[in-house]
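Q: Following this line is model_29.cif, made up of mmCIF, C-alpha atoms, pLDDT in the B column; chains and numbers go by the auth columns:
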```cif
data_final
#
loop_
_atom_site.group_PDB
_atom_site.id
_atom_site.type_symbol
_atom_site.label_atom_id
_atom_site.label_comp_id
_atom_site.label_asym_id
_atom_site.label_seq_id
_atom_site.Cartn_x
_atom_site.Cartn_y
_atom_site.Cartn_z
_atom_site.B_iso_or_equiv
_atom_site.auth_seq_id
_atom_site.auth_asym_id
ATOM 1 C CA MET A 1 104.696 13.701 102.649 58.00 20 A
ATOM 2 C CA THR A 2 106.258 12.185 99.578 58.00 21 A
ATOM 3 C CA SER A 3 109.981 12.054 98.966 58.00 22 A
ATOM 4 C CA PRO A 4 111.447 13.599 95.844 60.00 23 A
ATOM 5 C CA GLN A 5 112.171 11.144 93.073 63.00 24 A
ATOM 6 C CA THR A 6 115.776 10.558 92.124 59.00 25 A
ATOM 7 C CA ALA A 7 116.695 10.044 88.505 58.00 26 A
ATOM 8 C CA VAL A 8 118.432 6.739 88.053 57.00 27 A
ATOM 9 C CA MET A 9 121.229 6.854 85.518 55.00 28 A
ATOM 10 C CA PRO A 10 121.973 3.675 83.634 57.00 29 A
ATOM 11 C CA GLU A 11 125.214 2.123 84.795 59.00 30 A
ATOM 12 C CA THR A 12 128.134 2.880 82.605 54.00 31 A
ATOM 13 C CA GLU A 13 129.747 -0.316 81.488 56.00 32 A
ATOM 14 C CA GLN A 14 133.497 -0.245 81.751 61.00 33 A
ATOM 15 C CA ARG A 15 135.455 -2.598 79.565 61.00 34 A
ATOM 16 C CA THR A 16 139.139 -3.131 79.758 64.00 35 A
ATOM 17 C CA GLN A 17 140.473 -4.194 76.441 71.00 36 A
ATOM 18 C CA THR A 18 143.613 -6.272 76.612 85.00 37 A
ATOM 19 C CA LEU A 19 145.869 -6.575 73.630 87.00 38 A
ATOM 20 C CA PRO A 20 146.614 -10.076 72.371 94.00 39 A
ATOM 21 C CA PRO A 21 149.976 -11.413 73.556 97.00 40 A
ATOM 22 C CA TRP A 22 152.965 -11.770 71.250 98.00 41 A
ATOM 23 C CA LYS A 23 156.086 -13.847 71.854 98.00 42 A
ATOM 24 C CA VAL A 24 159.553 -12.359 71.462 98.00 43 A
ATOM 25 C CA LEU A 25 161.998 -15.088 70.394 98.00 44 A
ATOM 26 C CA LEU A 26 165.792 -14.991 70.532 98.00 45 A
ATOM 27 C CA HIS A 27 167.506 -17.065 67.819 98.00 46 A
ATOM 28 C CA ASN A 28 170.885 -18.726 68.009 97.00 47 A
ATOM 29 C CA ASP A 29 173.718 -17.544 65.791 94.00 48 A
ATOM 30 C CA ASP A 30 177.381 -18.413 65.466 91.00 49 A
ATOM 31 C CA VAL A 31 178.499 -14.795 65.399 95.00 50 A
ATOM 32 C CA ASN A 32 177.763 -13.224 68.792 96.00 51 A
ATOM 33 C CA SER A 33 179.428 -14.173 72.057 96.00 52 A
ATOM 34 C CA PHE A 34 177.428 -15.242 75.094 96.00 53 A
ATOM 35 C CA ASP A 35 178.565 -12.098 76.885 97.00 54 A
ATOM 36 C CA HIS A 36 177.244 -9.852 74.099 98.00 55 A
ATOM 37 C CA VAL A 37 173.920 -11.700 73.984 98.00 56 A
ATOM 38 C CA ILE A 38 173.475 -11.629 77.764 98.00 57 A
ATOM 39 C CA LEU A 39 174.445 -7.972 78.106 98.00 58 A
ATOM 40 C CA THR A 40 172.076 -7.013 75.285 98.00 59 A
ATOM 41 C CA ILE A 41 169.205 -8.916 76.896 98.00 60 A
ATOM 42 C CA LEU A 42 169.928 -7.125 80.179 98.00 61 A
ATOM 43 C CA ARG A 43 170.090 -3.745 78.438 98.00 62 A
ATOM 44 C CA LEU A 44 166.867 -4.093 76.438 98.00 63 A
ATOM 45 C CA THR A 45 164.546 -6.198 78.608 98.00 64 A
ATOM 46 C CA PRO A 46 163.417 -6.292 82.230 97.00 65 A
ATOM 47 C CA LEU A 47 164.991 -9.751 82.639 98.00 66 A
ATOM 48 C CA LYS A 48 167.480 -10.303 85.441 98.00 67 A
ATOM 49 C CA GLU A 49 170.983 -11.699 84.925 98.00 68 A
ATOM 50 C CA LEU A 50 170.149 -15.350 85.670 98.00 69 A
ATOM 51 C CA GLU A 51 167.136 -15.196 83.318 98.00 70 A
ATOM 52 C CA ALA A 52 169.273 -13.632 80.570 98.00 71 A
ATOM 53 C CA VAL A 53 171.879 -16.378 80.918 98.00 72 A
ATOM 54 C CA GLU A 54 169.177 -19.071 80.812 98.00 73 A
ATOM 55 C CA ARG A 55 167.651 -17.580 77.637 98.00 74 A
ATOM 56 C CA ALA A 56 171.052 -17.313 75.933 98.00 75 A
ATOM 57 C CA VAL A 57 171.924 -20.935 76.774 98.00 76 A
ATOM 58 C CA GLU A 58 168.489 -22.149 75.655 98.00 77 A
ATOM 59 C CA ALA A 59 168.800 -20.319 72.324 98.00 78 A
ATOM 60 C CA HIS A 60 172.265 -21.815 71.855 97.00 79 A
ATOM 61 C CA ASN A 61 171.126 -25.372 72.669 97.00 80 A
ATOM 62 C CA GLU A 62 167.612 -25.360 71.155 98.00 81 A
ATOM 63 C CA GLY A 63 167.992 -22.857 68.317 97.00 82 A
ATOM 64 C CA GLN A 64 165.675 -20.310 69.895 98.00 83 A
ATOM 65 C CA ALA A 65 164.388 -19.168 73.265 98.00 84 A
ATOM 66 C CA LEU A 66 161.330 -17.275 74.437 98.00 85 A
ATOM 67 C CA LEU A 67 162.579 -13.974 75.829 98.00 86 A
ATOM 68 C CA LEU A 68 159.227 -12.570 76.930 97.00 87 A
ATOM 69 C CA THR A 69 155.603 -12.064 76.000 97.00 88 A
ATOM 70 C CA THR A 70 154.131 -8.607 75.412 97.00 89 A
ATOM 71 C CA ASN A 71 151.819 -6.772 73.017 97.00 90 A
ATOM 72 C CA GLN A 72 152.500 -6.674 69.269 97.00 91 A
ATOM 73 C CA GLU A 73 153.758 -3.109 69.111 97.00 92 A
ATOM 74 C CA ARG A 74 156.279 -3.626 71.890 97.00 93 A
ATOM 75 C CA ALA A 75 157.311 -7.030 70.476 98.00 94 A
ATOM 76 C CA GLU A 76 158.077 -5.416 67.115 98.00 95 A
ATOM 77 C CA LEU A 77 160.068 -2.719 68.886 98.00 96 A
ATOM 78 C CA TYR A 78 162.156 -5.403 70.627 98.00 97 A
ATOM 79 C CA VAL A 79 162.888 -6.989 67.221 98.00 98 A
ATOM 80 C CA GLU A 80 164.194 -3.656 65.921 98.00 99 A
ATOM 81 C CA GLN A 81 166.201 -2.895 69.052 98.00 100 A
ATOM 82 C CA PHE A 82 167.912 -6.294 69.135 98.00 101 A
ATOM 83 C CA ALA A 83 168.749 -5.944 65.435 98.00 102 A
ATOM 84 C CA THR A 84 170.712 -2.760 66.200 98.00 103 A
ATOM 85 C CA PHE A 85 172.933 -4.919 68.430 98.00 104 A
ATOM 86 C CA GLY A 86 173.367 -7.568 65.743 97.00 105 A
ATOM 87 C CA LEU A 87 171.088 -10.175 67.344 98.00 106 A
ATOM 88 C CA THR A 88 168.325 -12.086 65.609 97.00 107 A
ATOM 89 C CA VAL A 89 165.025 -11.753 67.416 98.00 108 A
ATOM 90 C CA THR A 90 161.592 -12.391 65.931 98.00 109 A
ATOM 91 C CA CYS A 91 158.060 -12.011 67.208 98.00 110 A
ATOM 92 C CA GLU A 92 154.866 -13.928 66.617 98.00 111 A
ATOM 93 C CA PRO A 93 151.380 -14.182 68.083 97.00 112 A
ATOM 94 C CA ASP A 94 151.167 -16.248 71.266 93.00 113 A
ATOM 95 C CA GLU A 95 148.380 -18.689 70.493 83.00 114 A
#
```
Would you mind writing the file out in structure tokens?

A:
Amino acid sequence: MTSPQTAVMPETEQRTQTLPPWKVLLHNDDVNSFDHVILTILRLTPLKELEAVERAVEAHNEGQALLLTTNQERAELYVEQFATFGLTVTCEPDE
């Protein structure tokens, strides 16, 4: 007795496409207080208080600080959101 043949389907190849990372940079200014900068970082990002303070101090001392890395669309959204609070934030590809 022969067994029935089973059709073999070609394996479906699954690919996960990851978006290229973009850096979100906070720039120093002489207009905003540390409290305003820190509270805005806390409001708009997932960073915790200590991280927000560190980023604000780094931007003050070095001229800019890396806030976070994300995809381009979200990075551009962060730039717009920070601008509404009077802060200068830019984004660029993370090479």

Q: Got a sec to resolve the PyMOL selection byres ((chain A and resi 38) around 9) on this structure and send the residues as a list in words?

A: Gln36, Thr37, Pro39, Pro40, Thr89, Asn90 and Gln91 of chain A

Q: Compile the contact shell of segment 66-78 of chain A as a PDB file with C-alpha atoms, in the frame of the given file: residues with an atom at most 12 Å away, counting all atoms listed in the file, same-chain residues fewer than 6 positions apart removed.

A:
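The resulting result_15.pdb:
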```pdb
ATOM      1  CA  VAL A  43     159.553 -12.359  71.462  1.00 98.00           C
ATOM      2  CA  LEU A  44     161.998 -15.088  70.394  1.00 98.00           C
ATOM      3  CA  LEU A  45     165.792 -14.991  70.532  1.00 98.00           C
ATOM      4  CA  HIS A  46     167.506 -17.065  67.819  1.00 98.00           C
ATOM      5  CA  ASN A  47     170.885 -18.726  68.009  1.00 97.00           C
ATOM      6  CA  ASP A  48     173.718 -17.544  65.791  1.00 94.00           C
ATOM      7  CA  ASP A  49     177.381 -18.413  65.466  1.00 91.00           C
ATOM      8  CA  ASN A  51     177.763 -13.224  68.792  1.00 96.00           C
ATOM      9  CA  SER A  52     179.428 -14.173  72.057  1.00 96.00           C
ATOM     10  CA  PHE A  53     177.428 -15.242  75.094  1.00 96.00           C
ATOM     11  CA  ASP A  54     178.565 -12.098  76.885  1.00 97.00           C
ATOM     12  CA  HIS A  55     177.244  -9.852  74.099  1.00 98.00           C
ATOM     13  CA  VAL A  56     173.920 -11.700  73.984  1.00 98.00           C
ATOM     14  CA  ILE A  57     173.475 -11.629  77.764  1.00 98.00           C
ATOM     15  CA  LEU A  58     174.445  -7.972  78.106  1.00 98.00           C
ATOM     16  CA  THR A  59     172.076  -7.013  75.285  1.00 98.00           C
ATOM     17  CA  ILE A  60     169.205  -8.916  76.896  1.00 98.00           C
ATOM     18  CA  ALA A  84     164.388 -19.168  73.265  1.00 98.00           C
ATOM     19  CA  LEU A  85     161.330 -17.275  74.437  1.00 98.00           C
ATOM     20  CA  LEU A  86     162.579 -13.974  75.829  1.00 98.00           C
ATOM     21  CA  LEU A  87     159.227 -12.570  76.930  1.00 97.00           C
ATOM     22  CA  THR A  88     155.603 -12.064  76.000  1.00 97.00           C
ATOM     23  CA  LEU A 106     171.088 -10.175  67.344  1.00 98.00           C
ATOM     24  CA  THR A 107     168.325 -12.086  65.609  1.00 97.00           C
ATOM     25  CA  VAL A 108     165.025 -11.753  67.416  1.00 98.00           C
TER      26      VAL A 108
END
```

Q: As an exercise, work out the distance from atom CA of Arg93 of chain A to atom CA of Trp41 of chain A in Å and give it to one decimal place.

A: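 Rounded to one decimal, the two atoms are 8.8 Å apart.
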
Q: Given the choices A:Thr109, A:Glu81, A:Tyr97, A:Thr103, which gets closest to Thr64 of chain A if the distance is worked out from only C-alpha atoms?

A: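 Closest to Thr64 of chain A of all the choices is A:Tyr97.
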
Q: Suppose you want the space between atom CA of Gly105 of chain A and atom CA of Leu63 of chain A; what is it in Å?

A: 13.0 Å

Q: Give me, please, the distance in Å between atom CA of Glu114 of chain A and atom CA of Ala94 of chain A, quoted to one decimal.

A: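 Those two atoms sit 14.7 Å apart.
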